[in-house]
Amino acid sequence: MLLEVEAIRGGYGETDILHGVDLVVGEREIVAIAGTNGAGKSTLAKALLGLLPRVAGRIVLAGRDITRVAAEDRVALGLGYVPQVANVFGALTVLENLQVVPGVRDAAGRIAEILDAFPALKERRRQRAGTLSGGERQQLAFARALVTRPSLVVLDEPTAALAPTLVRFVFDLVQALPAQGVAVLIVEQRARQALAIADRGVILDQGRAVLSGPAADLLADPRMAELYLGHG
Amino acid sequence: MTTAVDFVNLALNGLVEGLLIALPALALTLVMGIARFPNAATGDYMTVSAYAALGVQKALGVAIAVAAIGAAAAGIAVALFFHLWVFRALARRRPVASLVASIGIAFLVRALLTLFVGQEQQTFQVALVRAWNFGGVRLLPTDLYAALGAIVAMAALFALLHATPIGRQMRAVADNPDLARASGIRAGRVMLVMWACTGALCAVGGVLMGVKAVVMPELGWELLIPAFAAMILGGIGSVPGAVAGGVLLGMVQELSIPFVGPSYKIAVTFGVMLAVLLLRPRGLFGSAPAAR
């Protein structure tokens, strides 16, 4: 397994938001984490990235225990991150957003490759990221996360702030990642749409994984329909 | 009767003063943008640097430009020392903890300076020169060099921030610290470089102020409030804003003298600052809250 998460607990202050979540992601697999608002989805993403102040349990990436590894060092170990809001450096240009990531092998070549894959960004590479449209920002956030050639990208509600017409576009971007050798952990409120493109899914409720399994099974599960799929 | 030439002279004076205010304003805005607290010890870092340059000049008898290297070393050392000793440990606390600590550091530094160098005013050894006169418009060569020194320091900072990898990383951390960490940027290294820049800016500011006026233990402390005003006027965290804010404040201050007299020029500056902030709360160059 590429990522193994065992009994992870933790939160920002005194009280735990996550109460022992288990999770695995295989190579080139898309795993969707769904659940209602406040279920702990974003907190789980932050814990994986090393951005949660207090974490207990075990996080193993490609056979290496990274539970105590600092956030800035997890990037070099193959972890990429697209946060929910503020997902680009608005004061930097598009090109600078990609150049600012340190430690990229053949950075110039890699950035050229990425810009070829995102023509809209290539066209606007000298423009400040803060002036991009919502869809372009999302592309830049993906592009930045991919610069380091990660083996796993964590996406925190990538469609949350987008117009409905752009949602399909973003899910298409996500679906294309495994072909590039990238596994995806996608945190989503739009459970049905996320599960439709995922291999497997985990449903969180109040900081616990209450259901997990192949995405198709979850979509067919009557308990799901009752509990969490109302959000579309 | 104040003539047009008088106004030109006042504006020139104000420009030089403003450029000198802009240096500590830049030091403040860098710390504000990246370490996220108002560093009340900024002025005293300037004072330490000015005395260091004075010491180097007295000991070695070198020109002021050479002594400035000693000042830069002192400014950088002091800024890094207090970062490593105090501010780094307070980084996870609320900004007010660092602010209060910086006020303490300001008093400590000034008290130590006074203990070792005394209260009396001292001056740099610079060649006494007559002001150039262009049909009534007077320009002191010392002022010209001070302005040029300030501009060179600002250009160097701008080049560092926009044309080097570490500069880009500094701007990224200022923009979004969590995303910076998750992108592999080492905040600790960025912080060290930022404090070194702060120390160097304070050093240039301290020496130029000492050359223009006199060196005394209150040299930097007295500049702190105008520097704060310049930073706020320009937009907190904005590098061009700190420069524009400093220059605007300096010029308004000097140009108001014919109308209100020298005693009230400070009040006019703050009037202008408040007026600008009423119309544009984020300052001249501050980014919109939504864009952050």
# chains A, B, ... in the order shown; residues from 1 in each chain; ligands from 1
call {"tool": "residues_around", "arguments": {"residues": "region 159-176 of chain B", "least_positions_apart": "5", "cutoff": "9 Å", "atoms": "only C-alpha atoms", "output": "VMD selection string"}}
result
(chain A and resid 86 to 92 96 to 97 99 to 102) or (chain B and resid 30 32 to 36 154 181 185 to 187 189 to 191 193 to 194 237 292)
call {"tool": "residues_around", "arguments": {"residues": "region 138-150 of chain B", "least_positions_apart": "5", "cutoff": "6 Å", "atoms": "only C-alpha atoms", "output": "ChimeraX atom specification"}}
result
/B:16,131-133,208
call {"tool": "residues_around", "arguments": {"residues": "Leu177 (chain A)", "least_positions_apart": "3", "cutoff": "12 Å", "atoms": "only C-alpha atoms", "output": "ChimeraX atom specification"}}
result
/A:27-30,117,142-143,145-146,149-155,170-174,180-186,197-198
call {"tool": "write_last_selection", "arguments": {"atoms": "N, CA and C atoms", "output": "mmCIF file, in the first residue's frame"}}
result
data_model
loop_
_atom_site.group_PDB
_atom_site.id
_atom_site.type_symbol
_atom_site.label_atom_id
_atom_site.label_comp_id
_atom_site.auth_asym_id
_atom_site.auth_seq_id
_atom_site.Cartn_x
_atom_site.Cartn_y
_atom_site.Cartn_z
ATOM 1 N N GLU A 27 -1.276 2.372 -4.810
ATOM 2 C CA GLU A 27 -0.668 3.144 -5.892
ATOM 3 C C GLU A 27 -1.696 3.381 -6.995
ATOM 4 N N ARG A 28 -1.678 4.568 -7.561
ATOM 5 C CA ARG A 28 -2.565 4.961 -8.672
ATOM 6 C C ARG A 28 -4.039 4.726 -8.366
ATOM 7 N N GLU A 29 -4.406 4.844 -7.113
ATOM 8 C CA GLU A 29 -5.784 4.616 -6.722
ATOM 9 C C GLU A 29 -6.422 5.957 -6.372
ATOM 10 N N ILE A 30 -7.728 6.071 -6.612
ATOM 11 C CA ILE A 30 -8.449 7.263 -6.152
ATOM 12 C C ILE A 30 -9.335 6.837 -4.984
ATOM 13 N N ALA A 117 0.688 20.957 -20.002
ATOM 14 C CA ALA A 117 -0.511 20.208 -19.636
ATOM 15 C C ALA A 117 -1.673 21.135 -19.247
ATOM 16 N N PHE A 142 -3.559 22.555 -8.664
ATOM 17 C CA PHE A 142 -3.201 21.194 -9.111
ATOM 18 C C PHE A 142 -1.772 21.199 -9.658
ATOM 19 N N ALA A 143 -1.498 22.185 -10.536
ATOM 20 C CA ALA A 143 -0.179 22.259 -11.176
ATOM 21 C C ALA A 143 0.918 22.366 -10.127
ATOM 22 N N ALA A 145 0.860 21.413 -6.998
ATOM 23 C CA ALA A 145 0.990 20.163 -6.249
ATOM 24 C C ALA A 145 1.704 19.100 -7.069
ATOM 25 N N LEU A 146 1.614 19.192 -8.405
ATOM 26 C CA LEU A 146 2.196 18.158 -9.258
ATOM 27 C C LEU A 146 3.658 18.424 -9.611
ATOM 28 N N ARG A 149 6.410 15.995 -8.612
ATOM 29 C CA ARG A 149 6.190 14.605 -9.032
ATOM 30 C C ARG A 149 5.762 13.731 -7.846
ATOM 31 N N PRO A 150 4.649 14.078 -7.189
ATOM 32 C CA PRO A 150 4.230 13.324 -5.996
ATOM 33 C C PRO A 150 3.709 11.937 -6.373
ATOM 34 N N SER A 151 3.736 11.016 -5.405
ATOM 35 C CA SER A 151 3.105 9.720 -5.633
ATOM 36 C C SER A 151 1.665 9.733 -5.122
ATOM 37 N N LEU A 152 1.362 10.690 -4.228
ATOM 38 C CA LEU A 152 0.003 10.828 -3.699
ATOM 39 C C LEU A 152 -0.350 12.298 -3.555
ATOM 40 N N VAL A 153 -1.506 12.685 -4.083
ATOM 41 C CA VAL A 153 -1.983 14.059 -3.918
ATOM 42 C C VAL A 153 -3.227 14.047 -3.040
ATOM 43 N N VAL A 154 -3.225 14.910 -2.022
ATOM 44 C CA VAL A 154 -4.388 15.053 -1.154
ATOM 45 C C VAL A 154 -5.162 16.283 -1.609
ATOM 46 N N LEU A 155 -6.423 16.092 -2.002
ATOM 47 C CA LEU A 155 -7.262 17.197 -2.479
ATOM 48 C C LEU A 155 -8.334 17.480 -1.447
ATOM 49 N N VAL A 170 -13.160 19.840 -12.893
ATOM 50 C CA VAL A 170 -12.198 19.480 -11.852
ATOM 51 C C VAL A 170 -12.175 17.968 -11.638
ATOM 52 N N PHE A 171 -13.371 17.354 -11.646
ATOM 53 C CA PHE A 171 -13.399 15.893 -11.478
ATOM 54 C C PHE A 171 -12.666 15.201 -12.636
ATOM 55 N N ASP A 172 -12.739 15.790 -13.833
ATOM 56 C CA ASP A 172 -11.985 15.234 -14.962
ATOM 57 C C ASP A 172 -10.479 15.323 -14.721
ATOM 58 N N LEU A 173 -10.057 16.469 -14.159
ATOM 59 C CA LEU A 173 -8.632 16.630 -13.829
ATOM 60 C C LEU A 173 -8.194 15.536 -12.863
ATOM 61 N N VAL A 174 -9.028 15.301 -11.827
ATOM 62 C CA VAL A 174 -8.706 14.304 -10.805
ATOM 63 C C VAL A 174 -8.608 12.923 -11.442
ATOM 64 N N GLN A 180 -1.024 9.359 -14.721
ATOM 65 C CA GLN A 180 0.299 9.991 -14.616
ATOM 66 C C GLN A 180 1.102 9.415 -13.444
ATOM 67 N N GLY A 181 0.597 8.309 -12.883
ATOM 68 C CA GLY A 181 1.324 7.666 -11.793
ATOM 69 C C GLY A 181 1.022 8.259 -10.432
ATOM 70 N N VAL A 182 -0.046 9.052 -10.326
ATOM 71 C CA VAL A 182 -0.349 9.731 -9.070
ATOM 72 C C VAL A 182 -1.603 9.128 -8.432
ATOM 73 N N ALA A 183 -1.493 8.749 -7.177
ATOM 74 C CA ALA A 183 -2.671 8.313 -6.428
ATOM 75 C C ALA A 183 -3.347 9.540 -5.834
ATOM 76 N N VAL A 184 -4.657 9.436 -5.573
ATOM 77 C CA VAL A 184 -5.423 10.602 -5.116
ATOM 78 C C VAL A 184 -6.229 10.263 -3.872
ATOM 79 N N LEU A 185 -6.146 11.158 -2.892
ATOM 80 C CA LEU A 185 -7.061 11.089 -1.764
ATOM 81 C C LEU A 185 -7.903 12.349 -1.842
ATOM 82 N N ILE A 186 -9.189 12.176 -2.162
ATOM 83 C CA ILE A 186 -10.022 13.362 -2.376
ATOM 84 C C ILE A 186 -11.085 13.472 -1.293
ATOM 85 N N ILE A 197 -16.037 8.723 -9.374
ATOM 86 C CA ILE A 197 -14.724 8.651 -10.020
ATOM 87 C C ILE A 197 -13.697 7.913 -9.164
ATOM 88 N N ALA A 198 -14.111 7.481 -7.944
ATOM 89 C CA ALA A 198 -13.147 6.872 -7.018
ATOM 90 C C ALA A 198 -13.127 5.355 -7.151
#
call {"tool": "select_by_dssp", "arguments": {"residues": "region 76-257 of chain B", "states": "helix (DSSP H, G or I)", "output": "ChimeraX atom specification"}}
result
/B:76-90,95-117,141-163,165-175,177-182,187-212,221-234,239-255,257
call {"tool": "select_by_dssp", "arguments": {"residues": "region 154-222 of chain A", "states": "strand (DSSP E)", "output": "VMD selection string"}}
result
chain A and resid 154 to 156 183 to 188 200 to 205 208 to 214
call {"tool": "residues_around", "arguments": {"residues": "Gly246 (chain B)", "least_positions_apart": "5", "cutoff": "8 Å", "atoms": "only C-alpha atoms", "output": "PyMOL selection string"}}
result
chain B and resi 18-22+25+226-227+230-231+234
call {"tool": "write_last_selection", "arguments": {"atoms": "N, CA and C atoms", "output": "compact mmCIF listing (two decimals), in the first residue's frame"}}
result
# COMPACT_ATOMS: atom_id res chain seq x y z
N GLY B 18 11.86 61.26 3.90
CA GLY B 18 10.92 60.17 3.62
C GLY B 18 11.64 58.89 3.26
N LEU B 19 12.70 59.00 2.47
CA LEU B 19 13.46 57.81 2.10
C LEU B 19 14.10 57.19 3.35
N LEU B 20 14.51 58.06 4.29
CA LEU B 20 15.11 57.53 5.52
C LEU B 20 14.06 56.90 6.44
N ILE B 21 12.84 57.43 6.41
CA ILE B 21 11.75 56.80 7.18
C ILE B 21 11.38 55.46 6.52
N ALA B 22 11.50 55.43 5.18
CA ALA B 22 11.09 54.22 4.46
C ALA B 22 11.93 53.00 4.84
N ALA B 25 10.57 51.52 7.89
CA ALA B 25 9.21 51.08 7.52
C ALA B 25 9.28 49.76 6.75
N PRO B 226 6.97 57.39 13.18
CA PRO B 226 6.84 57.71 11.75
C PRO B 226 6.96 56.48 10.85
N ALA B 227 7.85 55.54 11.22
CA ALA B 227 8.02 54.33 10.39
C ALA B 227 6.74 53.48 10.43
N ALA B 230 4.25 55.15 8.24
CA ALA B 230 4.56 54.94 6.82
C ALA B 230 4.11 53.56 6.37
N MET B 231 4.37 52.56 7.23
CA MET B 231 3.99 51.18 6.88
C MET B 231 2.46 51.08 6.74
N GLY B 234 1.15 52.90 3.66
CA GLY B 234 1.45 52.20 2.41
C GLY B 234 0.70 50.89 2.27
call {"tool": "residues_around", "arguments": {"residues": "Gly136 (chain B)", "least_positions_apart": "4", "cutoff": "9 Å", "atoms": "only C-alpha atoms", "output": "mmCIF file with C-alpha atoms, in the first residue's frame"}}
result
data_model
loop_
_atom_site.group_PDB
_atom_site.id
_atom_site.type_symbol
_atom_site.label_atom_id
_atom_site.label_comp_id
_atom_site.auth_asym_id
_atom_site.auth_seq_id
_atom_site.Cartn_x
_atom_site.Cartn_y
_atom_site.Cartn_z
ATOM 1 C CA VAL B 5 11.752 77.856 -4.640
ATOM 2 C CA ASP B 6 11.176 77.443 -0.899
ATOM 3 C CA ASN B 9 13.575 73.017 -1.132
#
call {"tool": "residues_around", "arguments": {"residues": "Lys58 (chain B)", "least_positions_apart": "2", "cutoff": "12 Å", "atoms": "only C-alpha atoms", "output": "count of residues only"}}
result
18
call {"tool": "residues_around", "arguments": {"residues": "Pro38 (chain B)", "least_positions_apart": "2", "cutoff": "12 Å", "atoms": "only C-alpha atoms", "output": "ChimeraX atom specification"}}
result
/B:24-36,40-43,87,94-103,224-225,227-229,231-232,236-237
call {"tool": "write_last_selection", "arguments": {"atoms": "N, CA and C atoms", "output": "mmCIF file, in the first residue's frame"}}
result
data_model
loop_
_atom_site.group_PDB
_atom_site.id
_atom_site.type_symbol
_atom_site.label_atom_id
_atom_site.label_comp_id
_atom_site.auth_asym_id
_atom_site.auth_seq_id
_atom_site.Cartn_x
_atom_site.Cartn_y
_atom_site.Cartn_z
ATOM 1 N N PRO B 24 13.327 51.972 7.930
ATOM 2 C CA PRO B 24 12.719 51.221 9.035
ATOM 3 C C PRO B 24 11.290 50.757 8.721
ATOM 4 N N ALA B 25 10.571 51.520 7.893
ATOM 5 C CA ALA B 25 9.215 51.081 7.520
ATOM 6 C C ALA B 25 9.282 49.761 6.754
ATOM 7 N N LEU B 26 10.295 49.614 5.903
ATOM 8 C CA LEU B 26 10.473 48.352 5.184
ATOM 9 C C LEU B 26 10.816 47.224 6.149
ATOM 10 N N ALA B 27 11.687 47.540 7.131
ATOM 11 C CA ALA B 27 12.059 46.532 8.132
ATOM 12 C C ALA B 27 10.813 46.087 8.900
ATOM 13 N N LEU B 28 9.953 47.049 9.235
ATOM 14 C CA LEU B 28 8.718 46.731 9.959
ATOM 15 C C LEU B 28 7.787 45.876 9.109
ATOM 16 N N THR B 29 7.652 46.263 7.842
ATOM 17 C CA THR B 29 6.677 45.593 6.983
ATOM 18 C C THR B 29 7.122 44.167 6.657
ATOM 19 N N LEU B 30 8.440 43.938 6.561
ATOM 20 C CA LEU B 30 8.944 42.573 6.328
ATOM 21 C C LEU B 30 8.591 41.676 7.502
ATOM 22 N N VAL B 31 8.862 42.169 8.723
ATOM 23 C CA VAL B 31 8.569 41.373 9.922
ATOM 24 C C VAL B 31 7.060 41.155 10.048
ATOM 25 N N MET B 32 6.304 42.222 9.782
ATOM 26 C CA MET B 32 4.848 42.144 9.856
ATOM 27 C C MET B 32 4.318 41.102 8.859
ATOM 28 N N GLY B 33 4.860 41.113 7.656
ATOM 29 C CA GLY B 33 4.363 40.230 6.609
ATOM 30 C C GLY B 33 4.737 38.780 6.830
ATOM 31 N N ILE B 34 5.923 38.527 7.384
ATOM 32 C CA ILE B 34 6.407 37.149 7.450
ATOM 33 C C ILE B 34 6.352 36.583 8.872
ATOM 34 N N ALA B 35 6.815 37.354 9.876
ATOM 35 C CA ALA B 35 6.747 36.860 11.255
ATOM 36 C C ALA B 35 5.440 37.298 11.925
ATOM 37 N N ARG B 36 4.725 38.200 11.294
ATOM 38 C CA ARG B 36 3.379 38.616 11.701
ATOM 39 C C ARG B 36 3.270 39.247 13.075
ATOM 40 N N ALA B 40 8.581 46.428 17.716
ATOM 41 C CA ALA B 40 8.857 47.738 18.307
ATOM 42 C C ALA B 40 10.345 47.969 18.547
ATOM 43 N N ALA B 41 11.178 46.945 18.368
ATOM 44 C CA ALA B 41 12.624 47.110 18.570
ATOM 45 C C ALA B 41 13.323 47.559 17.289
ATOM 46 N N THR B 42 12.557 47.740 16.204
ATOM 47 C CA THR B 42 13.151 48.102 14.910
ATOM 48 C C THR B 42 14.064 49.329 15.025
ATOM 49 N N GLY B 43 13.564 50.376 15.673
ATOM 50 C CA GLY B 43 14.340 51.607 15.797
ATOM 51 C C GLY B 43 15.642 51.381 16.543
ATOM 52 N N PHE B 87 12.012 35.648 19.601
ATOM 53 C CA PHE B 87 10.838 35.623 18.726
ATOM 54 C C PHE B 87 10.535 34.226 18.185
ATOM 55 N N ARG B 94 0.228 34.112 20.410
ATOM 56 C CA ARG B 94 -0.453 35.195 19.712
ATOM 57 C C ARG B 94 0.537 36.335 19.448
ATOM 58 N N PRO B 95 0.301 37.124 18.357
ATOM 59 C CA PRO B 95 1.248 38.186 17.976
ATOM 60 C C PRO B 95 1.532 39.165 19.094
ATOM 61 N N VAL B 96 0.552 39.368 19.992
ATOM 62 C CA VAL B 96 0.755 40.364 21.044
ATOM 63 C C VAL B 96 1.921 39.953 21.958
ATOM 64 N N ALA B 97 2.173 38.644 22.097
ATOM 65 C CA ALA B 97 3.297 38.189 22.914
ATOM 66 C C ALA B 97 4.614 38.687 22.324
ATOM 67 N N SER B 98 4.747 38.559 20.994
ATOM 68 C CA SER B 98 5.969 39.022 20.341
ATOM 69 C C SER B 98 6.075 40.547 20.384
ATOM 70 N N LEU B 99 4.919 41.221 20.240
ATOM 71 C CA LEU B 99 4.930 42.690 20.294
ATOM 72 C C LEU B 99 5.444 43.173 21.646
ATOM 73 N N VAL B 100 4.887 42.601 22.724
ATOM 74 C CA VAL B 100 5.298 43.017 24.064
ATOM 75 C C VAL B 100 6.773 42.689 24.277
ATOM 76 N N ALA B 101 7.205 41.517 23.814
ATOM 77 C CA ALA B 101 8.616 41.147 23.936
ATOM 78 C C ALA B 101 9.490 42.150 23.190
ATOM 79 N N SER B 102 9.026 42.592 22.019
ATOM 80 C CA SER B 102 9.853 43.520 21.227
ATOM 81 C C SER B 102 9.947 44.884 21.910
ATOM 82 N N ILE B 103 8.886 45.269 22.639
ATOM 83 C CA ILE B 103 8.962 46.529 23.393
ATOM 84 C C ILE B 103 10.016 46.378 24.492
ATOM 85 N N LEU B 224 10.525 55.391 15.194
ATOM 86 C CA LEU B 224 9.643 54.228 15.185
ATOM 87 C C LEU B 224 8.212 54.584 14.801
ATOM 88 N N ILE B 225 7.673 55.648 15.416
ATOM 89 C CA ILE B 225 6.279 56.006 15.138
ATOM 90 C C ILE B 225 6.096 56.475 13.686
ATOM 91 N N ALA B 227 7.848 55.538 11.221
ATOM 92 C CA ALA B 227 8.016 54.335 10.395
ATOM 93 C C ALA B 227 6.744 53.482 10.425
ATOM 94 N N PHE B 228 6.143 53.355 11.608
ATOM 95 C CA PHE B 228 4.868 52.632 11.720
ATOM 96 C C PHE B 228 3.816 53.293 10.842
ATOM 97 N N ALA B 229 3.771 54.632 10.937
ATOM 98 C CA ALA B 229 2.776 55.375 10.159
ATOM 99 C C ALA B 229 2.988 55.138 8.671
ATOM 100 N N MET B 231 4.374 52.559 7.232
ATOM 101 C CA MET B 231 3.987 51.183 6.876
ATOM 102 C C MET B 231 2.464 51.076 6.742
ATOM 103 N N ILE B 232 1.745 51.642 7.714
ATOM 104 C CA ILE B 232 0.280 51.533 7.698
ATOM 105 C C ILE B 232 -0.296 52.291 6.505
ATOM 106 N N ILE B 236 0.024 47.436 5.149
ATOM 107 C CA ILE B 236 0.854 46.541 5.967
ATOM 108 C C ILE B 236 1.327 45.345 5.148
ATOM 109 N N GLY B 237 2.633 45.089 5.185
ATOM 110 C CA GLY B 237 3.176 43.941 4.472
ATOM 111 C C GLY B 237 3.596 44.243 3.045
#
call {"tool": "atom_distance", "arguments": {"atom1": "CA of Asp217 (chain A)", "atom2": "CA of Gly26 (chain A)"}}
result
17.9 Å
call {"tool": "atom_distance", "arguments": {"atom1": "CA of Ala106 (chain B)", "atom2": "CA of Met46 (chain B)"}}
result
10.7 Å
call {"tool": "closest_residue", "arguments": {"among": "B:Ala275, B:Val268, B:Ala200, B:Ala180", "to": "chain A", "atoms": "only C-alpha atoms"}}
result
B:Ala180
call {"tool": "closest_residue", "arguments": {"among": "B:Ala267, B:Leu274, B:Val86, B:Val239", "to": "chain A", "atoms": "only C-alpha atoms"}}
result
B:Val239
call {"tool": "closest_residue", "arguments": {"among": "A:Gly134, A:Pro83, A:Pro178, A:Pro164", "to": "chain B", "atoms": "only C-alpha atoms"}}
result
A:Pro83
call {"tool": "decode", "arguments": {"residues": "region 42-108 of chain B", "atoms": "C-alpha atoms", "output": "compact mmCIF listing (two decimals), in the first residue's frame"}}
result
# COMPACT_ATOMS: atom_id res chain seq x y z
CA THR B 42 13.15 48.10 14.91
CA GLY B 43 14.34 51.61 15.80
CA ASP B 44 16.80 50.33 18.37
CA TYR B 45 18.34 47.92 15.86
CA MET B 46 19.04 51.11 13.85
CA THR B 47 20.65 52.78 16.84
CA VAL B 48 22.92 49.80 17.59
CA SER B 49 24.03 49.79 13.95
CA ALA B 50 24.77 53.52 13.97
CA TYR B 51 26.94 53.15 17.07
CA ALA B 52 28.68 50.14 15.52
CA ALA B 53 29.59 52.26 12.48
CA LEU B 54 30.76 55.04 14.78
CA GLY B 55 32.94 52.56 16.69
CA VAL B 56 34.44 51.15 13.49
CA GLN B 57 35.17 54.64 12.20
CA LYS B 58 36.83 55.73 15.46
CA ALA B 59 38.89 52.55 15.77
CA LEU B 60 40.05 52.27 12.17
CA GLY B 61 39.70 55.81 10.88
CA VAL B 62 37.94 54.57 7.74
CA ALA B 63 35.40 56.29 5.51
CA ILE B 64 31.73 56.13 6.44
CA ALA B 65 30.94 53.77 3.56
CA VAL B 66 33.42 51.23 4.97
CA ALA B 67 32.16 51.72 8.51
CA ALA B 68 28.68 50.94 7.21
CA ILE B 69 29.81 47.35 6.65
CA GLY B 70 30.42 47.12 10.40
CA ALA B 71 26.96 48.57 10.95
CA ALA B 72 25.38 45.98 8.68
CA ALA B 73 27.17 43.19 10.56
CA ALA B 74 25.93 44.59 13.87
CA GLY B 75 22.36 45.12 12.62
CA ILE B 76 22.14 41.61 11.19
CA ALA B 77 23.70 40.08 14.33
CA VAL B 78 21.29 41.87 16.68
CA ALA B 79 18.23 41.00 14.57
CA LEU B 80 19.22 37.33 14.30
CA PHE B 81 20.14 37.13 18.00
CA PHE B 82 16.74 38.31 19.21
CA HIS B 83 14.95 36.16 16.63
CA LEU B 84 16.75 33.02 17.77
CA TRP B 85 16.57 33.88 21.45
CA VAL B 86 13.07 35.37 21.78
CA PHE B 87 10.84 35.62 18.73
CA ARG B 88 11.33 32.08 17.41
CA ALA B 89 10.10 30.69 20.72
CA LEU B 90 7.06 33.00 20.67
CA ALA B 91 6.10 32.24 17.05
CA ARG B 92 3.31 29.85 18.03
CA ARG B 93 1.80 32.30 20.53
CA ARG B 94 -0.45 35.20 19.71
CA PRO B 95 1.25 38.19 17.98
CA VAL B 96 0.76 40.36 21.04
CA ALA B 97 3.30 38.19 22.91
CA SER B 98 5.97 39.02 20.34
CA LEU B 99 4.93 42.69 20.29
CA VAL B 100 5.30 43.02 24.06
CA ALA B 101 8.62 41.15 23.94
CA SER B 102 9.85 43.52 21.23
CA ILE B 103 8.96 46.53 23.39
CA GLY B 104 11.02 44.95 26.17
CA ILE B 105 13.91 44.36 23.78
CA ALA B 106 13.70 47.99 22.64
CA PHE B 107 14.11 49.24 26.21
CA LEU B 108 16.83 46.70 27.00
